[in-house]
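With mmCIF, C-alpha atoms inside, this is coords.cif:
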```cif
data_input
loop_
_atom_site.label_atom_id
_atom_site.label_comp_id
_atom_site.auth_asym_id
_atom_site.auth_seq_id
_atom_site.Cartn_x
_atom_site.Cartn_y
_atom_site.Cartn_z
CA MET M 208 43.43 164.25 -53.97
CA GLU M 209 42.55 164.80 -57.61
CA LYS M 210 38.82 164.74 -58.25
CA ASN M 211 37.22 162.51 -60.86
CA GLN M 212 36.15 165.59 -62.82
CA TYR M 213 39.83 166.41 -63.37
CA TYR M 214 40.27 163.13 -65.26
CA LEU M 215 37.20 163.82 -67.37
CA GLU M 216 38.02 167.37 -68.42
CA ALA M 217 41.70 168.25 -67.86
CA ALA M 218 44.07 165.32 -67.22
CA PRO M 219 46.41 164.20 -70.03
CA VAL M 220 44.36 161.82 -72.15
CA ARG M 221 46.53 158.76 -71.51
CA LYS M 222 46.45 159.45 -67.76
CA ALA M 223 42.66 159.82 -67.94
CA ILE M 224 42.32 156.49 -69.77
CA THR M 225 44.48 154.79 -67.15
CA HIS M 226 42.36 156.21 -64.31
CA LEU M 227 39.02 155.45 -65.93
CA SER M 228 39.66 152.13 -67.67
CA ILE M 229 42.22 150.12 -65.68
CA PRO M 230 39.85 149.67 -62.68
CA MET M 231 37.08 148.62 -65.08
CA MET M 232 39.37 146.11 -66.76
CA ILE M 233 40.29 144.66 -63.36
CA GLY M 234 36.63 144.67 -62.34
CA MET M 235 35.59 142.83 -65.50
CA SER M 236 38.30 140.22 -64.86
CA VAL M 237 37.08 139.70 -61.29
CA GLY M 238 33.54 139.54 -62.64
CA MET M 239 34.54 136.50 -64.70
CA ILE M 240 35.36 134.72 -61.42
CA TYR M 241 32.03 135.86 -59.94
CA ASN M 242 30.19 134.24 -62.86
CA VAL M 243 31.50 130.74 -62.06
CA ILE M 244 31.36 130.75 -58.23
CA ASN M 245 27.76 129.51 -58.10
CA ALA M 246 28.46 126.69 -60.52
CA TYR M 247 31.59 125.64 -58.61
CA PHE M 248 29.86 125.20 -55.24
CA ILE M 249 26.76 123.56 -56.74
CA GLY M 250 29.15 121.22 -58.57
CA LEU M 251 30.53 120.07 -55.21
CA LEU M 252 27.11 118.52 -54.48
CA HIS M 253 27.64 116.14 -57.44
CA ASN M 254 24.04 116.59 -58.58
CA THR M 255 23.83 117.05 -62.35
CA SER M 256 20.20 118.21 -62.22
CA MET M 257 21.06 121.04 -59.84
CA LEU M 258 24.03 122.08 -61.97
CA SER M 259 21.83 122.03 -65.08
CA ALA M 260 19.16 124.10 -63.27
CA ILE M 261 21.50 127.02 -62.50
CA THR M 262 22.86 126.83 -66.06
CA LEU M 263 19.32 126.98 -67.46
CA GLY M 264 18.61 129.93 -65.17
CA LEU M 265 21.51 132.04 -66.48
CA PRO M 266 19.30 133.95 -68.97
CA ILE M 267 17.24 135.23 -66.02
CA PHE M 268 20.29 136.98 -64.56
CA THR M 269 21.09 138.34 -68.03
CA VAL M 270 17.57 139.81 -68.28
CA LEU M 271 17.76 141.40 -64.81
CA MET M 272 21.18 142.86 -65.64
CA ALA M 273 19.83 144.25 -68.92
CA ILE M 274 16.86 145.91 -67.19
CA GLY M 275 19.30 147.52 -64.74
CA ASN M 276 21.37 148.76 -67.66
CA VAL M 277 18.27 150.25 -69.33
CA PHE M 278 18.17 152.76 -66.47
CA GLY M 279 21.89 152.72 -65.68
CA VAL M 280 23.31 153.28 -69.17
CA GLY M 281 20.50 155.60 -70.24
CA GLY M 282 20.51 157.56 -66.99
CA GLY M 283 24.26 157.43 -66.37
CA THR M 284 25.29 158.80 -69.76
CA PHE M 285 22.60 161.51 -69.45
CA VAL M 286 23.97 162.50 -66.02
CA THR M 287 27.50 162.82 -67.44
CA ARG M 288 26.34 164.97 -70.35
CA LEU M 289 24.50 167.21 -67.87
CA ALA M 290 27.67 167.48 -65.76
CA GLY M 291 29.55 168.60 -68.87
CA GLU M 292 26.88 171.29 -69.33
CA ARG M 293 27.16 172.22 -65.61
CA GLU M 294 23.54 171.19 -64.93
CA THR M 295 24.26 169.16 -61.79
CA GLU M 296 20.87 169.73 -60.11
CA LYS M 297 19.08 168.24 -63.10
CA GLY M 298 21.61 165.39 -63.02
CA LYS M 299 20.53 164.59 -59.44
CA ARG M 300 16.91 164.36 -60.54
CA ILE M 301 17.87 161.99 -63.37
CA ALA M 302 19.85 159.85 -60.90
CA GLY M 303 16.92 159.78 -58.46
CA TYR M 304 14.54 158.72 -61.23
CA THR M 305 17.01 156.00 -62.25
CA PHE M 306 17.16 154.70 -58.66
CA TYR M 307 13.43 154.50 -57.96
CA SER M 308 12.48 153.32 -61.45
CA SER M 309 14.97 150.44 -61.16
CA ILE M 310 13.32 149.23 -57.96
CA ILE M 311 9.80 149.52 -59.42
CA ALA M 312 10.82 147.72 -62.63
CA GLY M 313 12.47 144.90 -60.64
CA LEU M 314 9.36 144.40 -58.48
CA LEU M 315 7.03 144.41 -61.51
CA ILE M 316 9.22 141.82 -63.26
CA ALA M 317 9.09 139.65 -60.10
CA LEU M 318 5.30 139.84 -59.97
CA LEU M 319 5.03 138.91 -63.65
CA ALA M 320 7.46 136.04 -63.18
CA PHE M 321 5.49 134.57 -60.26
CA LEU M 322 2.36 134.57 -62.42
CA LEU M 323 4.13 133.00 -65.42
CA VAL M 324 6.77 130.83 -63.73
CA ASN M 325 5.72 127.54 -65.37
CA PRO M 326 5.94 128.74 -69.00
CA ILE M 327 9.18 130.58 -68.15
CA VAL M 328 10.78 127.42 -66.80
CA GLN M 329 9.64 125.42 -69.84
CA LEU M 330 11.00 128.12 -72.17
CA LEU M 331 14.37 127.85 -70.43
CA GLY M 332 14.46 124.18 -71.44
CA ALA M 333 13.88 122.40 -68.12
CA ASP M 334 12.93 118.72 -68.39
CA ALA M 335 11.40 116.35 -65.84
CA ALA M 336 14.73 115.91 -64.01
CA THR M 337 15.51 119.62 -63.73
CA LEU M 338 12.02 121.18 -63.57
CA ALA M 339 11.68 121.46 -59.77
CA TYR M 340 15.25 122.72 -59.24
CA THR M 341 14.99 125.23 -62.09
CA LYS M 342 11.66 126.53 -60.77
CA THR M 343 13.12 127.00 -57.28
CA TYR M 344 16.19 128.79 -58.62
CA VAL M 345 14.17 131.06 -60.92
CA LEU M 346 11.60 132.03 -58.27
CA THR M 347 14.28 132.84 -55.68
CA LEU M 348 16.26 134.91 -58.17
CA PHE M 349 13.20 136.83 -59.34
CA ALA M 350 12.07 137.45 -55.73
CA GLY M 351 15.27 139.40 -55.12
CA GLY M 352 15.65 140.51 -58.71
CA PHE M 353 15.01 144.17 -57.94
CA VAL M 354 18.31 144.17 -56.03
CA VAL M 355 20.16 142.86 -59.11
CA VAL M 356 18.46 145.47 -61.32
CA LEU M 357 19.33 148.24 -58.84
CA ASN M 358 22.95 147.08 -58.54
CA PHE M 359 23.62 147.40 -62.27
CA ALA M 360 21.79 150.74 -62.46
CA LEU M 361 23.75 152.22 -59.55
CA GLU M 362 27.06 150.91 -60.86
CA GLN M 363 26.50 152.96 -64.03
CA LEU M 364 25.60 156.04 -61.98
CA VAL M 365 28.83 155.71 -60.00
CA ARG M 366 30.80 155.50 -63.25
CA SER M 367 28.88 158.44 -64.71
CA GLU M 368 31.22 160.87 -62.92
CA GLY M 369 34.36 158.90 -63.72
CA ALA M 370 34.54 157.01 -60.40
CA SER M 371 35.90 153.82 -61.96
CA LYS M 372 37.77 152.73 -58.82
CA GLU M 373 34.60 152.93 -56.74
CA SER M 374 32.76 150.95 -59.44
CA MET M 375 35.49 148.30 -59.18
CA TYR M 376 35.21 148.23 -55.38
CA GLY M 377 31.51 147.38 -55.73
CA ILE M 378 32.37 144.43 -57.97
CA PHE M 379 34.96 143.29 -55.42
CA ILE M 380 32.33 143.43 -52.66
CA SER M 381 29.91 141.28 -54.69
CA THR M 382 32.60 138.71 -55.42
CA ALA M 383 33.79 138.56 -51.80
CA LEU M 384 30.23 138.15 -50.48
CA SER M 385 29.60 135.38 -53.02
CA LEU M 386 32.63 133.52 -51.70
CA ILE M 387 31.09 133.74 -48.20
CA PHE M 388 27.41 133.15 -48.91
CA ASP M 389 27.72 130.41 -51.56
CA PRO M 390 29.47 127.81 -49.37
CA LEU M 391 27.34 128.84 -46.36
CA PHE M 392 23.97 128.51 -48.11
CA ILE M 393 24.80 125.66 -50.49
CA LEU M 394 27.11 123.39 -48.48
CA VAL M 395 26.47 124.23 -44.81
CA LEU M 396 22.75 125.06 -44.75
CA LYS M 397 22.08 122.75 -47.73
CA TRP M 398 19.70 125.15 -49.49
CA HIS M 399 21.18 123.96 -52.85
CA VAL M 400 19.84 125.98 -55.84
CA ALA M 401 17.74 128.30 -53.65
CA GLY M 402 20.91 129.04 -51.69
CA ALA M 403 22.81 129.76 -54.91
CA ALA M 404 20.16 132.28 -56.02
CA LEU M 405 19.91 133.87 -52.56
CA ALA M 406 23.70 134.20 -52.37
CA MET M 407 23.66 136.02 -55.71
CA VAL M 408 20.94 138.41 -54.51
CA LEU M 409 22.72 139.18 -51.22
CA ALA M 410 26.06 139.64 -52.99
CA ASN M 411 24.40 142.24 -55.24
CA ALA M 412 22.80 143.83 -52.15
CA GLY M 413 26.27 144.38 -50.70
CA SER M 414 27.29 146.33 -53.80
CA VAL M 415 24.03 148.31 -53.71
CA ILE M 416 24.66 149.42 -50.12
CA TYR M 417 28.19 150.52 -51.01
CA TYR M 418 27.09 152.39 -54.15
CA ILE M 419 24.31 154.23 -52.28
CA TYR M 420 26.81 155.21 -49.56
CA TYR M 421 29.26 156.49 -52.17
CA LEU M 422 26.69 158.44 -54.16
CA GLU M 423 25.09 160.01 -51.07
CA LYS M 424 28.29 160.80 -49.14
CA LYS M 425 31.23 161.00 -51.57
CA SER M 426 29.86 161.83 -55.03
CA GLU M 427 31.04 165.04 -56.68
CA TYR M 428 27.77 165.60 -58.58
CA LEU M 429 25.02 163.41 -57.11
CA ARG M 430 24.96 163.87 -53.30
CA GLY M 431 21.31 164.15 -52.27
CA PHE M 432 20.04 162.31 -55.37
CA LEU M 433 17.62 160.17 -53.30
CA LYS M 434 15.50 163.27 -52.58
CA SER M 435 14.86 163.94 -56.28
CA PHE M 436 13.01 161.75 -58.74
CA LYS M 437 10.41 163.73 -60.72
CA ILE M 438 11.54 164.41 -64.29
CA SER M 439 9.79 165.43 -67.50
CA ILE M 440 8.57 163.01 -70.17
CA LYS M 441 11.21 164.45 -72.48
CA ASP M 442 13.97 163.54 -70.03
CA GLN M 443 12.51 160.07 -69.54
CA LEU M 444 12.64 159.53 -73.30
CA GLU M 445 16.26 160.72 -73.30
CA ILE M 446 17.05 157.89 -70.85
CA TYR M 447 15.10 155.21 -72.69
CA LYS M 448 16.30 156.01 -76.21
CA ILE M 449 19.78 154.90 -75.10
CA GLY M 450 18.88 152.42 -72.37
CA VAL M 451 16.41 150.26 -74.30
CA SER M 452 19.20 149.19 -76.66
CA GLU M 453 20.76 147.33 -73.68
CA LEU M 454 17.56 145.30 -73.23
CA LEU M 455 17.38 144.50 -76.93
CA GLN M 456 21.04 143.46 -76.97
CA ALA M 457 20.52 141.12 -74.00
CA GLY M 458 17.43 139.58 -75.61
CA PHE M 459 19.27 138.98 -78.86
CA LEU M 460 22.23 137.54 -76.93
CA ILE M 461 19.97 134.97 -75.29
CA VAL M 462 18.42 134.01 -78.65
CA SER M 463 21.87 133.77 -80.26
CA THR M 464 23.17 131.55 -77.45
CA LEU M 465 20.18 129.21 -77.70
CA LEU M 466 20.57 129.08 -81.48
CA LEU M 467 24.28 128.27 -81.27
CA ASN M 468 23.60 125.56 -78.67
CA ASN M 469 20.93 123.95 -80.84
CA TYR M 470 23.14 123.87 -83.94
CA SER M 471 26.32 122.74 -82.19
CA ILE M 472 24.58 119.91 -80.34
CA LEU M 473 23.70 118.37 -83.72
CA TYR M 474 27.39 117.52 -84.07
CA GLY M 475 27.87 115.91 -80.66
CA ASP M 476 29.06 116.72 -77.14
CA SER M 477 32.67 117.31 -78.22
CA VAL M 478 31.59 120.23 -80.44
CA VAL M 479 29.47 121.71 -77.62
CA ALA M 480 32.42 121.38 -75.22
CA GLY M 481 34.79 122.84 -77.83
CA PHE M 482 32.57 125.90 -78.25
CA GLY M 483 32.37 126.31 -74.48
CA LEU M 484 36.16 126.29 -74.11
CA ALA M 485 36.80 128.54 -77.13
CA LEU M 486 34.25 131.12 -75.98
CA ARG M 487 35.81 131.26 -72.51
CA ILE M 488 39.29 131.78 -73.97
CA ALA M 489 38.09 134.48 -76.38
CA GLN M 490 36.29 136.23 -73.52
CA VAL M 491 39.61 137.33 -72.02
CA PRO M 492 40.57 139.91 -74.71
CA GLU M 493 36.87 140.79 -75.11
CA PHE M 494 36.49 141.54 -71.39
CA LEU M 495 39.72 143.58 -71.32
CA ALA M 496 38.55 145.64 -74.31
CA MET M 497 35.12 145.95 -72.69
CA GLY M 498 36.67 147.32 -69.50
CA LEU M 499 38.54 149.87 -71.62
CA PHE M 500 35.59 151.26 -73.57
CA LEU M 501 33.08 151.05 -70.69
CA GLY M 502 35.47 153.02 -68.51
CA LEU M 503 35.68 155.73 -71.18
CA ILE M 504 31.93 156.27 -71.65
CA PRO M 505 31.90 159.11 -69.05
CA PHE M 506 34.98 160.64 -70.75
CA PHE M 507 33.25 160.69 -74.13
CA ALA M 508 29.95 161.95 -72.69
CA TYR M 509 31.53 164.75 -70.66
CA ASN M 510 33.79 166.11 -73.39
CA TYR M 511 31.12 165.85 -76.07
CA SER M 512 28.58 167.79 -74.01
CA SER M 513 31.16 170.40 -72.89
CA LYS M 514 32.17 170.89 -76.57
CA ASN M 515 35.78 169.80 -75.97
CA ILE M 516 35.80 167.97 -79.28
CA SER M 517 39.58 167.81 -79.74
CA ARG M 518 39.89 166.01 -76.37
CA PHE M 519 36.99 163.74 -77.31
CA LYS M 520 38.69 162.74 -80.56
CA ALA M 521 42.06 162.20 -78.85
CA GLY M 522 40.40 159.85 -76.36
CA PHE M 523 38.77 157.90 -79.17
CA THR M 524 42.06 157.58 -81.07
CA TYR M 525 43.96 156.30 -78.03
CA ALA M 526 41.13 153.90 -77.15
CA ALA M 527 41.13 152.47 -80.69
CA LEU M 528 44.91 151.99 -80.58
CA TYR M 529 44.79 150.29 -77.18
CA ILE M 530 41.91 148.01 -78.17
CA GLY M 531 43.75 147.03 -81.35
CA GLY M 532 46.91 146.38 -79.34
CA ILE M 533 45.13 144.21 -76.77
CA ALA M 534 43.37 142.19 -79.46
CA ILE M 535 46.41 141.63 -81.69
CA LEU M 536 48.76 140.78 -78.79
CA PHE M 537 46.41 138.37 -77.06
CA VAL M 538 45.06 136.80 -80.23
CA GLY M 539 48.61 136.30 -81.53
CA LEU M 540 49.80 134.65 -78.32
CA VAL M 541 46.80 132.35 -78.02
CA TYR M 542 47.00 131.41 -81.70
CA LEU M 543 50.66 130.42 -81.30
CA PHE M 544 49.95 128.38 -78.16
CA ARG M 545 46.36 127.35 -78.94
CA GLU M 546 46.93 123.61 -78.50
CA PRO M 547 48.47 123.77 -74.98
CA VAL M 548 45.85 126.37 -74.01
CA ILE M 549 43.03 124.02 -75.00
CA GLN M 550 44.81 121.10 -73.30
CA PHE M 551 44.75 123.10 -70.06
CA PHE M 552 40.97 122.61 -70.03
CA SER M 553 40.54 119.17 -71.56
CA ASN M 554 42.50 116.06 -72.56
CA ASP M 555 39.74 114.57 -74.71
CA PRO M 556 41.28 114.14 -78.22
CA GLU M 557 38.01 115.05 -79.99
CA VAL M 558 37.51 118.17 -77.87
CA LEU M 559 41.15 119.16 -78.45
CA LYS M 560 40.82 118.78 -82.20
CA ILE M 561 37.57 120.68 -82.67
CA GLY M 562 38.32 123.17 -79.85
CA THR M 563 41.62 124.20 -81.47
CA TYR M 564 39.77 124.90 -84.71
CA ILE M 565 36.90 126.79 -83.03
CA VAL M 566 39.24 128.97 -80.97
CA VAL M 567 40.83 130.32 -84.18
CA ALA M 568 37.41 131.53 -85.38
CA MET M 569 36.60 132.99 -81.95
CA LEU M 570 39.93 134.84 -81.78
CA ILE M 571 39.36 136.46 -85.18
CA SER M 572 35.93 137.49 -83.92
CA ALA M 573 37.60 139.01 -80.84
CA LEU M 574 39.74 141.23 -83.10
CA PHE M 575 36.60 143.03 -84.28
CA ASN M 576 34.50 142.78 -81.10
CA GLY M 577 36.42 145.51 -79.23
CA PHE M 578 35.94 148.05 -82.04
CA THR M 579 32.23 147.19 -82.25
CA GLY M 580 31.93 147.91 -78.53
CA LEU M 581 33.91 151.15 -78.87
CA PHE M 582 31.60 152.47 -81.60
CA THR M 583 28.51 151.53 -79.56
CA SER M 584 29.93 153.17 -76.41
CA VAL M 585 30.59 156.43 -78.27
CA PHE M 586 27.02 156.47 -79.59
CA GLN M 587 25.64 155.77 -76.11
CA ALA M 588 27.83 158.40 -74.46
CA THR M 589 26.81 161.12 -76.90
CA GLY M 590 23.09 160.33 -76.82
CA GLN M 591 22.89 159.05 -80.41
CA GLY M 592 19.73 156.97 -80.02
CA LEU M 593 19.33 155.71 -83.60
CA PRO M 594 22.93 154.53 -84.16
CA THR M 595 22.91 152.89 -80.70
CA MET M 596 19.71 151.02 -81.56
CA ILE M 597 21.01 150.00 -85.00
CA MET M 598 24.21 148.58 -83.49
CA SER M 599 22.30 146.58 -80.85
CA ILE M 600 19.81 145.18 -83.36
CA THR M 601 22.47 144.41 -85.97
CA GLN M 602 24.65 142.50 -83.52
CA GLY M 603 21.69 140.39 -82.39
CA VAL M 604 19.36 139.97 -85.34
CA LEU M 605 22.08 139.50 -87.99
CA TYR M 606 23.43 136.38 -86.27
CA ILE M 607 20.19 134.46 -86.90
CA PRO M 608 20.20 134.53 -90.75
CA VAL M 609 24.02 134.22 -90.81
CA ILE M 610 24.13 130.97 -88.82
CA VAL M 611 21.12 129.53 -90.68
CA LEU M 612 22.61 130.37 -94.09
CA LEU M 613 26.19 129.30 -93.33
CA HIS M 614 25.03 126.06 -91.70
CA SER M 615 22.91 125.17 -94.73
CA ILE M 616 25.88 125.77 -97.06
CA PHE M 617 28.94 124.71 -95.03
CA GLY M 618 27.53 122.57 -92.22
CA LEU M 619 29.65 122.54 -89.05
CA HIS M 620 32.21 124.94 -90.58
CA GLY M 621 29.38 127.43 -91.14
CA VAL M 622 28.27 127.15 -87.50
CA ILE M 623 31.84 127.72 -86.28
CA TRP M 624 32.46 130.81 -88.44
CA SER M 625 28.96 132.33 -88.14
CA MET M 626 29.84 134.40 -85.06
CA THR M 627 33.00 135.71 -86.73
CA VAL M 628 31.13 136.75 -89.88
CA THR M 629 28.47 138.48 -87.78
CA GLU M 630 31.08 140.36 -85.73
CA VAL M 631 32.93 141.57 -88.84
CA ILE M 632 29.73 142.85 -90.48
CA THR M 633 28.63 144.57 -87.24
CA CYS M 634 32.02 146.25 -86.89
CA VAL M 635 31.79 147.54 -90.48
CA MET M 636 28.27 148.79 -89.70
CA GLY M 637 29.66 150.66 -86.69
CA LEU M 638 32.33 152.27 -88.87
CA LEU M 639 29.74 153.33 -91.46
CA LEU M 640 27.62 154.93 -88.73
CA PHE M 641 30.66 156.58 -87.15
CA ILE M 642 31.78 158.30 -90.39
CA PRO M 643 28.83 160.78 -90.56
CA PHE M 644 29.01 161.26 -86.78
CA ASN M 645 32.72 162.08 -87.09
CA LYS M 646 31.96 164.64 -89.82
CA LYS M 647 29.38 166.19 -87.51
CA ILE M 648 31.85 166.61 -84.63
CA LYS M 649 34.52 167.92 -87.04
CA LYS M 650 32.11 170.71 -87.99
CA SER M 651 31.62 171.39 -84.27
CA LEU M 652 35.40 171.66 -83.83
CA HIS M 653 35.71 174.18 -86.68
CA SER M 654 32.80 176.26 -85.40
CA ILE M 655 34.38 176.73 -81.94
#
```
As structure tokens:
Amino acid sequence: MEKNQYYLEAAPVRKAITHLSIPMMIGMSVGMIYNVINAYFIGLLHNTSMLSAITLGLPIFTVLMAIGNVFGVGGGTFVTRLAGERETEKGKRIAGYTFYSSIIAGLLIALLAFLLVNPIVQLLGADAATLAYTKTYVLTLFAGGFVVVLNFALEQLVRSEGASKESMYGIFISTALSLIFDPLFILVLKWHVAGAALAMVLANAGSVIYYIYYLEKKSEYLRGFLKSFKISIKDQLEIYKIGVSELLQAGFLIVSTLLLNNYSILYGDSVVAGFGLALRIAQVPEFLAMGLFLGLIPFFAYNYSSKNISRFKAGFTYAALYIGGIAILFVGLVYLFREPVIQFFSNDPEVLKIGTYIVVAMLISALFNGFTGLFTSVFQATGQGLPTMIMSITQGVLYIPVIVLLHSIFGLHGVIWSMTVTEVITCVMGLLLFIPFNKKIKKSLHSI
């Protein structure tokens, strides 16, 4: 059986991309199902307040995921670069630090949340009808939050050596356990929102157990990582300079979502519903592109650190072509059939009218989103802290003045196109940052 290292360093580039990215693309697609399972089973209770409570609590899961990615992305890309430099023992110490730090961070966040639960629930937007349910959901989720943090950190460590299929298996386990625990806790045991949160925690725990088993028993680089955890301050900073950008990006995403909701609601429920449908449709090419470039992060990190620059550049070129192909093909098809696609979700004439218009803007945004993610992934993989941070901040902070300005000038049209304008500018920013980086690696190629 071919080892994962073969795909990172020696396999034909297109074969390597298939091995590394296809499982991630499948995993991301399954993850979309995972994201709506809770809402589906709570919806069967026909209690609007409960459904609103788990919707209001979504940012909590986003924060826990982002904290996991602080350690996972920062530590995982560092581990891959060390593998490329043949420093596997140091890689084990980095992985061990990532594991234990994730647990500690999750527990500290839980403690802080218990002390500040009332202001947190109010910040999420809970009213008198949803306050008790939201509080229950948030407290349960935070109580097991360290498991969620650990799951996302370990998933990145598994992918750090190119084990994309094993990463996908973990996502499958979470989804399967959700399909078991959600109906059991919500419908049978009638634990409603607490059951929904507990099901999410236990589903993540299933993935954690699998990932630990894989890393300890099957990993090519990291077997025995649980015995090592002490690393230098310099190495800790190497993790955080990449990982913190994930936390910033998640924070900005939450702010952007709240801002979009507040502006769109000014124009009525049909506009809010139209945005909801358009965003879900546009997520399909975005998630496929995301699976592609996330799967290739270990490829970029390994070949950059091992000085195989020609292979690195070939991987980037193929990835850019595939992302462009996915975006153009899907966007073209959905644009041609946008009306029947929207009708699949809603028959409300107002929602159909505004949703058809919004989906055009979202699809154009999707054309650029994949390239933005590709640039960011390359910067993360190669340890470029400043460009990574700039991309994360630009994508989040820029949206705020763009939507405010465009709304003041163009009203609803400005709100609809604000995300597209932001995505185009961010993509251009990524290109501008990539140009000097590309010159740098070209010099490396000539000096070999």
Checklist entry - Interatomic distance between CA of Gln456 (chain M) and CA of Gly603 (chain M)? => result 6.3 Å
Checklist entry - Neighbours of Val324 (chain M) within 9 Å (all atoms listed in the file; same-chain residues fewer than 3 positions away dropped), as an MDAnalysis selection string? => result chainID M and resid 319:321 327:329 342 345:346
Next on the checklist: Running the PyMOL selection byres ((chain M and resi 287) around 6) on this model by hand, what would come out? Give it as a PyMOL selection string.
Outcome noted: chain M and resi 284-286+288-290+367+505+508-509
Any chance you can output those residues with C-alpha atoms as a tab-separated table (two decimals), keeping the file's coordinate frame?
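Output file out17.tsv is given in full below:
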```
chain	number	residue	atom	x	y	z
M	284	THR	CA	25.29	158.80	-69.76
M	285	PHE	CA	22.60	161.51	-69.45
M	286	VAL	CA	23.97	162.50	-66.02
M	288	ARG	CA	26.34	164.97	-70.35
M	289	LEU	CA	24.50	167.21	-67.87
M	290	ALA	CA	27.67	167.48	-65.76
M	367	SER	CA	28.88	158.44	-64.71
M	505	PRO	CA	31.90	159.11	-69.05
M	508	ALA	CA	29.95	161.95	-72.69
M	509	TYR	CA	31.53	164.75	-70.66
```
Next on the checklist: For the provided coordinates, the residues matched by the PyMOL selection byres ((chain M and resi 523-525) around 12) should be stated as a PyMOL selection string.
Outcome noted: chain M and resi 219-225+228+499-500+503-504+506-508+510-511+516-522+526-532+578+581-582+584-586+588+641+645
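With distances restricted to all atoms listed in the file, M:Ala302 is the closest residue to Gln443 (chain M) from M:Ala302, M:Val354, M:Val604, M:Ile616.
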Item to check | Given the PyMOL selection byres ((chain M and resi 280) around 9), the residues it picks as a list of chain:residue names | outcome: M:Gly275, M:Asn276, M:Val277, M:Phe278, M:Gly279, M:Gly281, M:Gly282, M:Gly283, M:Thr284, M:Phe285, M:Ala360, M:Gln363, M:Leu364, M:Ser367, M:Ile446, M:Ile449, M:Gly450, M:Glu453, M:Gln587, M:Ala588
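Shortest atom-to-atom contact with Val538 (chain M) among M:Gln490, M:Asn254, M:Asn325, M:Gln550: M:Gln490, counting all atoms listed in the file.
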Next on the checklist: If we count only C-alpha atoms and set the cut-off at 10 Å, which residues sit around Met626 (chain M), ignoring sequence neighbours fewer than 5 positions away in its own chain? Please answer as a PyMOL selection string.
Outcome noted: chain M and resi 463+467+568-569+571-573+602+605-607+609-610+621+631
